[in-house]
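Enquirer: You'll find target-v5.txt just under this line, and it carries compact mmCIF, C-alpha atoms and all ligand atoms.
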```txt
# COMPACT_ATOMS: atom_id res chain seq x y z
CA MET U 1 56.65 -3.72 44.70
CA LEU U 2 57.61 -7.26 43.82
CA LEU U 3 57.59 -8.20 47.43
CA GLN U 4 54.13 -6.76 47.83
CA ARG U 5 52.85 -8.86 45.00
CA ALA U 6 54.54 -11.94 46.36
CA LYS U 7 52.99 -11.53 49.80
CA PRO U 8 49.79 -9.62 49.29
CA LEU U 9 48.08 -10.72 52.45
CA PHE U 10 51.05 -9.82 54.63
CA PHE U 11 51.09 -6.39 53.16
CA ALA U 12 47.37 -6.16 53.41
CA GLY U 13 47.74 -6.46 57.14
CA ALA U 14 50.52 -3.93 57.41
CA LEU U 15 48.85 -1.49 55.09
CA ALA U 16 45.56 -1.95 56.79
CA SER U 17 46.65 -0.18 59.90
CA LEU U 18 48.13 2.66 57.94
CA ALA U 19 45.07 2.93 55.81
CA LEU U 20 42.84 3.54 58.76
CA GLY U 21 45.32 5.50 60.75
CA GLY U 22 44.71 3.48 63.86
CA HIS U 23 40.95 3.47 63.91
CA ALA U 24 39.35 0.23 64.81
CA HIS U 25 36.58 1.43 62.51
CA ALA U 26 35.77 4.50 60.46
CA ASN U 27 36.70 5.57 56.98
CA GLY U 28 40.21 5.01 55.71
CA GLN U 29 42.24 7.80 54.17
CA ALA U 30 41.36 7.04 50.57
CA SER U 31 37.69 7.26 51.51
CA HIS U 32 38.11 10.59 53.26
CA VAL U 33 39.80 12.12 50.25
CA TRP U 34 37.19 10.66 47.91
CA ILE U 35 34.29 11.94 50.04
CA SER U 36 35.56 15.52 50.10
CA LYS U 37 36.17 15.50 46.36
CA ARG U 38 32.69 14.14 45.78
CA ALA U 39 31.10 16.65 48.15
CA LEU U 40 32.81 19.43 46.20
CA THR U 41 30.99 18.35 43.07
CA GLU U 42 27.64 18.41 44.85
CA LEU U 43 27.72 21.93 46.26
CA PRO U 44 25.15 24.23 44.70
CA GLU U 45 26.54 27.16 42.80
CA GLY U 46 27.19 30.00 45.18
CA GLU U 47 29.81 31.54 47.41
CA LEU U 48 30.88 28.33 49.15
CA ASP U 49 31.08 26.49 45.85
CA THR U 50 33.11 29.34 44.40
CA PHE U 51 35.37 29.42 47.43
CA LEU U 52 36.20 25.72 47.42
CA ALA U 53 36.46 25.56 43.64
CA ASP U 54 39.69 27.56 43.93
CA PRO U 55 42.30 24.93 43.02
CA ALA U 56 44.81 26.62 45.31
CA LEU U 57 42.68 25.54 48.29
CA THR U 58 42.28 21.89 47.32
CA LEU U 59 45.56 21.03 49.03
CA MET U 60 44.31 22.45 52.33
CA LEU U 61 40.88 20.88 52.00
CA LEU U 62 42.28 17.40 51.37
CA ASN U 63 44.92 17.64 54.09
CA GLY U 64 42.23 18.76 56.52
CA SER U 65 40.07 15.86 55.40
CA MET U 66 42.85 13.49 56.44
CA TYR U 67 44.26 15.30 59.43
CA PRO U 68 42.31 13.90 62.40
CA ASP U 69 43.69 10.38 61.92
CA GLY U 70 47.37 11.35 61.98
CA GLY U 71 47.82 10.94 65.71
CA TYR U 72 46.60 7.36 65.51
CA GLY U 73 49.72 6.53 63.57
CA PRO U 74 53.15 5.71 64.99
CA VAL U 75 53.63 9.19 66.34
CA ASP U 76 56.07 9.51 69.18
CA HIS U 77 54.04 11.53 71.62
CA PRO U 78 52.05 10.33 74.64
CA ASN U 79 49.05 12.48 73.70
CA ALA U 80 48.96 11.53 70.03
CA HIS U 81 45.84 9.40 70.32
CA GLU U 82 44.01 12.01 72.31
CA ALA U 83 45.05 14.71 69.86
CA ALA U 84 43.68 12.65 67.01
CA GLU U 85 40.48 11.83 68.83
CA SER U 86 39.87 15.46 69.78
CA ALA U 87 40.33 16.66 66.22
CA HIS U 88 37.49 14.39 65.10
CA TRP U 89 34.90 16.22 67.13
CA GLU U 90 33.07 19.48 66.91
CA PRO U 91 34.34 21.12 70.12
CA TYR U 92 37.90 21.09 68.76
CA GLN U 93 36.79 22.03 65.26
CA ASP U 94 34.56 24.81 66.56
CA ALA U 95 37.45 26.20 68.57
CA TYR U 96 39.50 26.27 65.38
CA ARG U 97 36.65 27.97 63.52
CA ARG U 98 36.36 30.60 66.23
CA TRP U 99 40.10 31.14 66.16
CA ILE U 100 39.90 31.74 62.41
CA MET U 101 37.00 34.18 62.87
CA ASP U 102 38.78 36.00 65.68
CA THR U 103 42.08 36.19 63.84
CA TYR U 104 41.08 37.19 60.33
CA ASP U 105 38.77 39.95 59.18
CA GLN U 106 36.69 39.72 56.05
CA PRO U 107 37.43 39.78 53.22
CA TRP U 108 39.70 36.89 53.98
CA SER U 109 43.34 36.97 53.08
CA THR U 110 44.92 34.04 51.28
CA GLU U 111 46.19 32.84 54.63
CA ALA U 112 42.70 32.96 56.13
CA LYS U 113 41.24 31.09 53.17
CA GLU U 114 43.78 28.32 53.63
CA HIS U 115 42.72 27.88 57.24
CA VAL U 116 39.05 27.85 56.27
CA ALA U 117 39.66 25.16 53.66
CA PHE U 118 41.60 23.04 56.16
CA TYR U 119 38.87 23.51 58.77
CA LEU U 120 36.16 22.43 56.34
CA GLY U 121 38.23 19.38 55.52
CA MET U 122 38.50 18.49 59.20
CA SER U 123 34.77 18.85 59.59
CA ALA U 124 34.23 16.53 56.63
CA HIS U 125 36.39 13.91 58.29
CA GLY U 126 34.60 13.90 61.61
CA MET U 127 31.14 13.90 60.08
CA GLY U 128 32.11 11.25 57.54
CA ASP U 129 33.34 8.87 60.21
CA GLN U 130 30.15 9.25 62.19
CA VAL U 131 27.89 8.63 59.21
CA PHE U 132 29.93 5.69 57.95
CA ASP U 133 30.18 4.01 61.34
CA SER U 134 26.62 4.56 62.45
CA MET U 135 24.94 3.55 59.21
CA PHE U 136 27.09 1.70 56.66
CA MET U 137 29.27 -0.18 59.11
CA GLN U 138 26.24 -1.18 61.15
CA ARG U 139 24.65 -2.62 58.01
CA SER U 140 27.81 -4.55 57.23
CA ALA U 141 27.67 -5.96 60.76
CA ALA U 142 24.12 -7.09 60.03
CA PHE U 143 24.58 -8.38 56.48
CA ASP U 144 28.19 -9.55 56.19
CA PRO U 145 29.61 -12.74 57.71
CA SER U 146 32.82 -11.30 59.17
CA PRO U 147 33.67 -9.23 62.22
CA LEU U 148 34.57 -5.62 61.55
CA ASP U 149 38.25 -5.86 62.48
CA ASP U 150 39.53 -5.21 58.96
CA PHE U 151 36.57 -3.26 57.73
CA ASP U 152 38.00 0.18 57.11
CA GLN U 153 41.13 -0.81 55.30
CA LEU U 154 39.44 -3.39 53.13
CA MET U 155 36.78 -0.85 52.21
CA ASP U 156 39.56 1.53 51.21
CA TYR U 157 40.95 -1.17 48.90
CA ILE U 158 37.51 -1.65 47.38
CA LEU U 159 37.05 2.07 46.93
CA VAL U 160 40.38 2.47 45.13
CA ASP U 161 39.68 -0.63 43.04
CA ARG U 162 36.32 0.77 41.94
CA ALA U 163 37.08 4.49 41.78
CA GLY U 164 40.76 4.53 40.84
CA ASP U 165 43.94 5.49 42.63
CA THR U 166 43.79 8.31 45.11
CA GLU U 167 45.87 11.30 44.14
CA VAL U 168 48.24 11.80 47.05
CA PRO U 169 48.43 15.45 48.13
CA GLN U 170 51.58 16.99 49.50
CA ASP U 171 51.54 17.65 53.23
CA TRP U 172 50.06 20.94 54.31
CA VAL U 173 49.18 21.37 57.92
CA PRO U 174 48.84 24.57 60.00
CA GLU U 175 50.53 22.95 62.95
CA GLU U 176 51.16 26.08 64.98
CA SER U 177 47.52 27.10 64.83
CA LEU U 178 46.37 23.59 65.66
CA LEU U 179 48.71 23.66 68.65
CA LEU U 180 46.95 26.77 69.90
CA ILE U 181 43.67 24.90 69.78
CA TYR U 182 45.16 21.93 71.63
CA ASP U 183 46.47 24.36 74.20
CA SER U 184 42.99 25.83 74.58
CA ILE U 185 41.59 22.43 75.51
CA GLY U 186 44.46 21.68 77.85
CA LEU U 187 46.18 19.07 75.71
CA ALA U 188 49.95 19.23 75.36
CA TYR U 189 51.15 18.34 71.88
CA THR U 190 53.96 19.28 69.50
CA SER U 191 54.46 20.55 65.99
CA GLN U 192 56.68 17.61 65.15
CA ALA U 193 54.01 15.15 66.23
CA ILE U 194 51.46 16.89 64.02
CA LEU U 195 53.83 16.83 61.05
CA ASP U 196 54.74 13.20 61.64
CA GLY U 197 51.09 12.25 61.79
CA GLN U 198 50.35 13.94 58.50
CA ALA U 199 53.34 12.24 56.88
CA VAL U 200 52.00 8.87 57.98
CA LEU U 201 48.66 9.58 56.34
CA ARG U 202 50.25 10.58 53.07
CA ALA U 203 52.31 7.39 53.11
CA ALA U 204 49.16 5.44 53.84
CA LEU U 205 47.46 6.78 50.73
CA SER U 206 50.31 5.59 48.54
CA LEU U 207 50.32 2.21 50.18
CA ILE U 208 46.57 1.82 49.81
CA ASN U 209 46.91 2.51 46.09
CA ALA U 210 49.55 -0.22 45.89
CA ALA U 211 47.55 -2.69 47.94
CA ALA U 212 44.40 -2.13 45.89
CA SER U 213 46.32 -3.10 42.76
CA VAL U 214 46.86 -6.60 44.16
CA PRO U 215 43.95 -8.80 42.99
CA ALA U 216 44.25 -11.07 46.03
CA ASN U 217 43.56 -8.12 48.32
CA ILE U 218 40.40 -7.24 46.43
CA THR U 219 39.21 -10.83 46.45
CA ASN U 220 39.89 -11.02 50.16
CA ALA U 221 37.88 -7.86 50.77
CA GLU U 222 34.97 -9.11 48.68
CA ASP U 223 34.97 -12.47 50.43
CA THR U 224 35.22 -10.90 53.88
CA TYR U 225 32.58 -8.20 53.37
CA PRO U 226 30.46 -9.16 50.35
CA TRP U 227 27.54 -6.84 51.10
CA ALA U 228 29.73 -3.86 51.88
CA SER U 229 31.97 -4.49 48.86
CA ALA U 230 28.97 -4.61 46.56
CA ASN U 231 27.36 -1.51 48.04
CA LEU U 232 30.26 0.77 48.92
CA LEU U 233 29.65 3.23 46.12
CA GLU U 234 25.87 2.85 46.02
CA VAL U 235 23.96 5.96 47.01
CA SER U 236 21.09 3.66 48.01
CA ALA U 237 23.24 2.08 50.73
CA GLU U 238 22.82 4.23 53.80
CA GLY U 239 26.06 5.64 55.13
CA SER U 240 28.08 4.71 52.04
CA PRO U 241 30.71 7.20 50.89
CA PRO U 242 28.30 8.79 48.37
CA VAL U 243 25.82 9.32 51.20
CA GLU U 244 28.62 10.63 53.40
CA ALA U 245 29.45 13.15 50.69
CA ALA U 246 25.84 14.32 50.59
CA VAL U 247 25.85 14.83 54.35
CA VAL U 248 29.28 16.44 54.31
CA ARG U 249 28.35 19.05 51.72
CA ARG U 250 25.38 20.07 53.86
CA TYR U 251 27.60 20.18 56.93
CA TRP U 252 29.94 22.44 54.99
CA GLN U 253 27.00 24.69 54.16
CA VAL U 254 26.07 24.85 57.85
CA ASN U 255 29.66 25.53 58.88
CA TRP U 256 30.07 28.12 56.14
CA ASP U 257 27.12 30.02 57.59
CA LEU U 258 28.65 29.78 61.06
CA LEU U 259 31.94 31.11 59.70
CA HIS U 260 29.98 34.17 58.59
CA ASP U 261 27.99 34.56 61.82
CA ARG U 262 24.77 33.72 60.05
CA GLY U 263 23.40 31.29 62.58
CA LEU U 264 22.30 27.72 62.08
CA ARG U 265 20.69 27.01 58.72
CA ARG U 266 18.83 23.87 59.85
CA PRO U 267 18.91 21.67 62.93
CA VAL U 268 19.01 18.49 60.82
CA LEU U 269 21.36 17.64 57.96
CA TYR U 270 19.93 14.36 56.77
CA THR U 271 17.47 11.65 57.66
CA PHE U 272 16.94 8.03 56.75
CA PRO U 273 14.37 7.44 55.48
CA TYR U 274 14.46 10.65 53.56
CA ASP U 275 11.52 12.99 53.90
CA GLY U 276 8.76 12.01 51.49
CA THR U 277 9.97 8.56 50.52
CA ALA U 278 8.23 5.19 50.14
CA ASN U 279 8.81 1.50 50.80
CA HIS U 280 10.36 1.75 54.24
CA PRO U 281 10.83 -1.78 55.62
CA ILE U 282 8.35 -2.82 58.31
CA ASP U 283 10.24 -5.66 59.98
CA SER U 284 11.62 -4.25 63.21
CA SER U 285 14.31 -6.93 63.30
CA ASN U 286 15.71 -5.55 60.04
CA ILE U 287 18.25 -2.77 60.46
CA GLU U 288 16.70 -1.07 57.44
CA SER U 289 13.64 -0.33 59.59
CA TRP U 290 15.76 1.99 61.72
CA ILE U 291 15.16 5.71 61.46
CA THR U 292 18.32 7.80 61.50
CA ILE U 293 18.61 11.53 62.05
CA VAL U 294 21.89 13.38 61.46
CA PHE U 295 21.89 16.66 63.35
CA SER U 296 23.74 19.76 62.26
CA ARG U 297 25.50 20.14 65.60
CA GLY U 298 26.95 17.73 68.15
CA LEU U 299 24.42 16.77 70.78
CA ASP U 300 24.80 16.91 74.53
CA ALA U 301 24.19 13.33 75.58
CA SER U 302 23.18 14.32 79.08
CA ALA U 303 20.38 16.54 77.82
CA VAL U 304 18.78 14.44 75.10
CA GLY U 305 16.76 11.28 75.25
CA ASN U 306 13.90 9.33 73.81
CA ASP U 307 11.36 11.87 75.07
CA PHE U 308 12.37 14.26 72.31
CA PHE U 309 11.42 11.86 69.53
CA LEU U 310 8.01 10.68 68.40
CA LEU U 311 7.06 8.25 65.65
CA VAL U 312 3.35 8.15 64.82
CA ASP U 313 1.24 6.55 62.12
CA GLU U 314 -1.35 8.44 60.09
CA ASP U 315 -3.90 8.06 62.91
CA GLN U 316 -1.42 9.58 65.35
CA ASN U 317 -0.86 6.25 67.10
CA PRO U 318 2.66 6.29 68.55
CA VAL U 319 5.11 3.52 67.69
CA PRO U 320 7.56 2.56 70.44
CA THR U 321 11.20 3.01 69.54
CA SER U 322 14.49 2.63 71.30
CA TYR U 323 16.86 5.54 71.07
CA GLN U 324 20.59 5.58 70.40
CA LEU U 325 22.86 8.60 70.23
CA PHE U 326 25.60 6.89 68.29
CA TYR U 327 28.99 7.50 69.93
CA GLY U 328 27.36 9.45 72.74
CA ASN U 329 28.34 12.98 73.63
CA ASP U 330 29.34 15.21 70.69
CA SER U 331 27.69 12.85 68.23
CA HIS U 332 25.38 14.11 65.49
CA VAL U 333 23.67 10.81 64.75
CA VAL U 334 20.55 9.46 66.44
CA HIS U 335 19.00 6.09 65.62
CA LEU U 336 15.36 5.44 66.45
CA LYS U 337 14.79 1.70 66.31
CA PRO U 338 11.16 0.55 66.17
CA THR U 339 10.59 -2.07 68.80
CA GLN U 340 7.53 -3.42 67.05
CA ASP U 341 6.87 -4.03 63.37
CA LEU U 342 5.47 -1.15 61.38
CA THR U 343 2.17 -1.46 59.51
CA PRO U 344 2.23 -2.03 55.76
CA ASP U 345 1.15 0.75 53.43
CA THR U 346 1.08 3.38 56.15
CA VAL U 347 2.45 6.89 56.30
CA TYR U 348 4.53 7.62 59.40
CA THR U 349 5.67 10.94 60.76
CA VAL U 350 8.79 11.46 62.84
CA THR U 351 8.88 14.50 65.10
CA VAL U 352 11.85 15.91 66.94
CA ASP U 353 10.69 18.27 69.64
CA PRO U 354 12.36 21.65 69.96
CA GLY U 355 14.79 21.96 72.83
CA LEU U 356 17.52 19.45 72.08
CA THR U 357 20.75 20.82 73.50
CA THR U 358 24.08 20.74 71.75
CA VAL U 359 27.50 20.44 73.34
CA HIS U 360 27.88 24.14 72.58
CA ASP U 361 24.86 25.01 74.75
CA GLU U 362 22.74 25.77 71.74
CA VAL U 363 19.08 24.84 71.85
CA LEU U 364 17.83 23.38 68.60
CA GLU U 365 14.56 24.02 66.88
CA GLY U 366 12.24 21.09 66.22
CA TRP U 367 12.08 19.01 63.06
CA SER U 368 9.70 16.56 61.42
CA PHE U 369 9.54 14.41 58.33
CA ARG U 370 7.37 11.64 56.95
CA PHE U 371 7.71 8.42 55.00
CA SER U 372 5.56 5.51 53.91
CA THR U 373 5.83 1.78 54.24
CA GLY U 374 3.78 1.52 51.05
CA ALA U 375 4.73 2.06 47.44
CA VAL U 376 3.35 5.59 47.18
CA ALA U 377 5.59 8.31 48.55
CA PRO U 378 3.88 10.94 50.70
CA ASP U 379 4.48 14.61 50.13
CA PRO U 380 7.57 15.69 52.04
CA ILE U 381 7.17 18.06 54.95
CA ASN U 382 10.34 19.93 54.04
CA ASP U 383 11.89 20.81 50.76
CA ASP U 384 15.52 21.02 49.88
CA ASP U 385 15.56 24.69 48.99
CA ASP U 386 17.68 25.38 52.04
CA TRP U 387 20.37 23.11 50.71
CA ASP U 388 20.12 23.72 47.02
CA ASN U 389 19.66 27.46 47.11
CA PRO U 390 23.06 29.06 46.64
CA ASP U 391 22.06 32.10 48.63
CA PRO U 392 22.74 31.84 52.34
CA PRO U 393 20.23 33.11 54.90
CA PRO U 394 20.17 36.88 54.43
CA ASP U 395 20.10 38.07 58.02
CA PRO U 396 21.88 36.78 61.06
CA PRO U 397 19.28 35.50 63.49
CA ASP U 398 19.29 36.86 66.99
CA PRO U 399 20.84 34.10 69.13
CA SER U 400 18.70 35.13 72.06
CA GLU U 401 15.60 34.39 70.01
CA THR U 402 16.64 31.35 68.03
CA GLY U 403 18.86 29.65 70.51
CA THR U 404 21.27 28.83 67.72
CA GLU U 405 24.97 29.42 67.62
CA GLY U 406 25.22 30.17 71.27
CA GLY U 407 28.45 30.43 73.15
CA SER U 408 30.90 27.69 72.58
CA THR U 409 32.44 25.96 75.51
CA GLN U 410 35.77 26.59 73.85
CA ASP U 411 37.30 29.99 74.16
CA THR U 412 40.28 30.93 72.08
CA SER U 413 39.48 34.60 71.84
CA ASP U 414 42.70 35.62 73.50
CA GLU U 415 44.76 34.13 70.73
CA GLY U 416 46.05 36.94 68.60
CA GLY U 417 48.17 37.14 65.53
CA CYS U 418 48.86 34.62 62.88
CA ALA U 419 50.40 31.29 63.60
CA CYS U 420 49.92 29.81 60.24
CA SER U 421 53.30 28.85 58.96
CA THR U 422 53.24 25.42 57.47
CA ARG U 423 56.59 23.83 57.88
CA ARG U 424 57.24 21.03 55.55
CA SER U 425 60.06 19.43 57.43
CA PRO U 426 60.44 15.74 56.78
CA PRO U 427 59.04 13.24 59.23
CA SER U 428 61.29 12.06 62.01
CA PRO U 429 63.83 9.49 60.77
CA TRP U 430 62.56 6.84 63.14
CA LEU U 431 59.11 7.24 61.65
CA LEU U 432 60.11 6.06 58.22
CA GLY U 433 61.26 2.78 59.68
CA LEU U 434 57.98 2.24 61.39
CA LEU U 435 55.72 2.74 58.45
CA ALA U 436 55.28 -0.97 57.81
CA LEU U 437 54.45 -1.83 61.39
CA PRO U 438 50.91 -2.26 62.60
CA LEU U 439 49.61 0.77 64.42
CA ALA U 440 47.95 0.91 67.75
CA ARG U 441 44.22 0.73 67.63
CA ARG U 442 41.99 3.66 68.19
CA ARG U 443 40.34 3.70 71.55
CA ARG U 444 36.68 3.37 70.76
CA ARG U 445 34.03 5.24 72.53
CA PRO U 446 31.51 2.94 74.07
CA LEU U 447 28.33 3.03 72.06
CA SER U 448 25.41 4.57 73.78
ZN ZN H 1 38.99 9.31 61.51
```
Give the structure from this file in structure tokens form.

Expert:
Amino acid sequence: MLLQRAKPLFFAGALASLALGGHAHANGQASHVWISKRALTELPEGELDTFLADPALTLMLLNGSMYPDGGYGPVDHPNAHEAAESAHWEPYQDAYRRWIMDTYDQPWSTEAKEHVAFYLGMSAHGMGDQVFDSMFMQRSAAFDPSPLDDFDQLMDYILVDRAGDTEVPQDWVPEESLLLIYDSIGLAYTSQAILDGQAVLRAALSLINAAASVPANITNAEDTYPWASANLLEVSAEGSPPVEAAVVRRYWQVNWDLLHDRGLRRPVLYTFPYDGTANHPIDSSNIESWITIVFSRGLDASAVGNDFFLLVDEDQNPVPTSYQLFYGNDSHVVHLKPTQDLTPDTVYTVTVDPGLTTVHDEVLEGWSFRFSTGAVAPDPINDDDDWDNPDPPPDPPDPSETGTEGGSTQDTSDEGGCACSTRRSPPSPWLLGLLALPLARRRRRPLS
């Protein structure tokens, strides 16, 4: 402790890598835990809220919320990075969901509930990273003076400084079940590597708490990223952790329906600007003029493009936009960037044509929403009843009619029996000696 205080910047560097688990960018571990806890508080009363309110499942939810980053740590396995990367994305998570559905009948046993909570945590992690990177981090790149090299870890320091220490959960990881899923996608991995990765993340949380208590680290973060530091916990800052939590709780609602074979609740989780809002910036050189759509399912990059999206003013005049599926295949986030300035005091409508294809071969229904560049908000096209109503859709839609929840490309249906033991063996001895060393960086996907 004394050494940390004597050399705060040295430790900031060492802790940084642990904090982000090897990502070049994306949320750090403190943020992931915070987001899931916040999302829990925002669920409408109902069966999902009741399910996750069970304190016995919090351990699984929080461990799942951390899990995907473990393999980015100093884990002694050649496939560790790939295992971590895979666990961030919906194909892996869907395979796990299908394994749960195939393995456990309703009503769920305690064991099944633990898997469901861990799965929902994993889904929160992947969605959170996408929202943070595509929206908040992009704004920091536009508004802050520094490159993003230290972004995630310094934002974790700021979050802990503002919101308080993160409670560090004990390790809980269903490594044998996760191995089955890795097997199903053809990736060799080991239980020990999974356990080591989770141990690294737990250590990272403790170290982030310590680092955030060092005033020099907070000052450094504020000087490096002044806009992001000032806006990290602002719900008005797009992609901030509070916004991530709002998206995550909707994603949980979607995934909860899928867990119950109820089909897809909505094709779109969230938009910026929000449906029926005012004062959207008109300057096309300002990132705040971007229009962002977060889809409920990962999109197939080869099957989507600008043709599916239309931005028109109130006279139906189209506005040219450039299109970006952030992170490409599997991603949920699409940016539409106006390539000319918008007109003041005008209502615009965004339309997503039906027919977008997901990586699970689902075909999505269309979507539309409107906003104004003036001070008066237009009536929204949609309402939030779907999200705020505790009752799920009553009848499972016919997939052949709706095109939703079609066959996954992952097939784990031949996996029988329970493989849910959760060994709590200590991390490998060599690992403890490595905890202060910088981690390898996450291999970034090229933006597309
Ligand atoms: Zn991550």

Enquirer: Kindly compile the residues surrounding ligand ZN 1 (chain H) within 9 Å, counting all atoms listed in the file, and format them as a ChimeraX atom specification.

Expert: /U:20-23,25-29,32,66-70,72,84-85,87-88,125-126,128-130

Enquirer: Compare U:Ser284, U:Gln316, U:Gln93, U:Ser368 by their minimum atom-to-atom distance to Ser184 (chain U), counting only C-alpha atoms, and give me the closest one.

Expert: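 Between U:Ser284, U:Gln316, U:Gln93, U:Ser368, the residue approaching Ser184 (chain U) most closely is U:Gln93.
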
Enquirer: Record the distance separating CA of Glu45 (chain U) and CA of Arg98 (chain U), expressed in Å with one decimal.

Expert: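 Here the two named atoms are 25.6 Å from each other.
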
Enquirer: Which residues are close to Leu178 (chain U), i.e. within 10 Å by only C-alpha atoms, leaving aside same-chain residues fewer than 2 positions away? Reply as a count of residues only.

Expert: 22

Enquirer: Using only C-alpha atoms, which of U:Thr277, U:Pro354, U:Gly64, U:Thr346 sits nearest Gln198 (chain U)?

Expert: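 Closest to Gln198 (chain U) of all the choices is U:Gly64.
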
Enquirer: Quick one, how far is CA of Asp223 (chain U) from CA of Phe136 (chain U)?

Expert: 17.4 Å

Enquirer: Quick one: of U:Val254, U:Ala30, U:Leu342, U:Ile293, who's nearest to Asp165 (chain U), counting all atoms listed in the file?

Expert: U:Ala30

Enquirer: What lies within 9 Å of Gln170 (chain U) using all atoms listed in the file, ignoring chain neighbours under 4 positions off, as a PyMOL selection string?

Expert: chain U and resi 59+63+199+202

Enquirer: What separation in Å, quoted to one decimal, exists between CA of Val168 (chain U) and CA of Leu40 (chain U)?

Expert: 17.2 Å

Enquirer: Between U:Ile185, U:Ala246, U:Leu325, U:Leu356, which one has atoms that come closest to Arg38 (chain U), using only C-alpha atoms?

Expert: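 Comparing U:Ile185, U:Ala246, U:Leu325, U:Leu356 against Arg38 (chain U), the winner is U:Ala246.
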
Enquirer: Between U:Glu114, U:Asp300, U:Asp283, U:Asp345, which is the closest to Phe51 (chain U) once you count only C-alpha atoms?

Expert: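 Selected residue with least distance to Phe51 (chain U): U:Glu114.
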
Enquirer: So, with only C-alpha atoms as the atoms that count, which of U:Leu61, U:Val334, U:Ala375, U:Ala141 lies closest to Thr292 (chain U)?

Expert: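 Once distances to Thr292 (chain U) are computed over only C-alpha atoms, the minimum belongs to U:Val334.
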
Enquirer: Could you name the residues that touch Asp144 (chain U) at 12 Å or less, counting only C-alpha atoms, but leaving out those on the same chain fewer than 5 positions away, as number ranges by chain?

Expert: U: 136-139, 151, 221-231
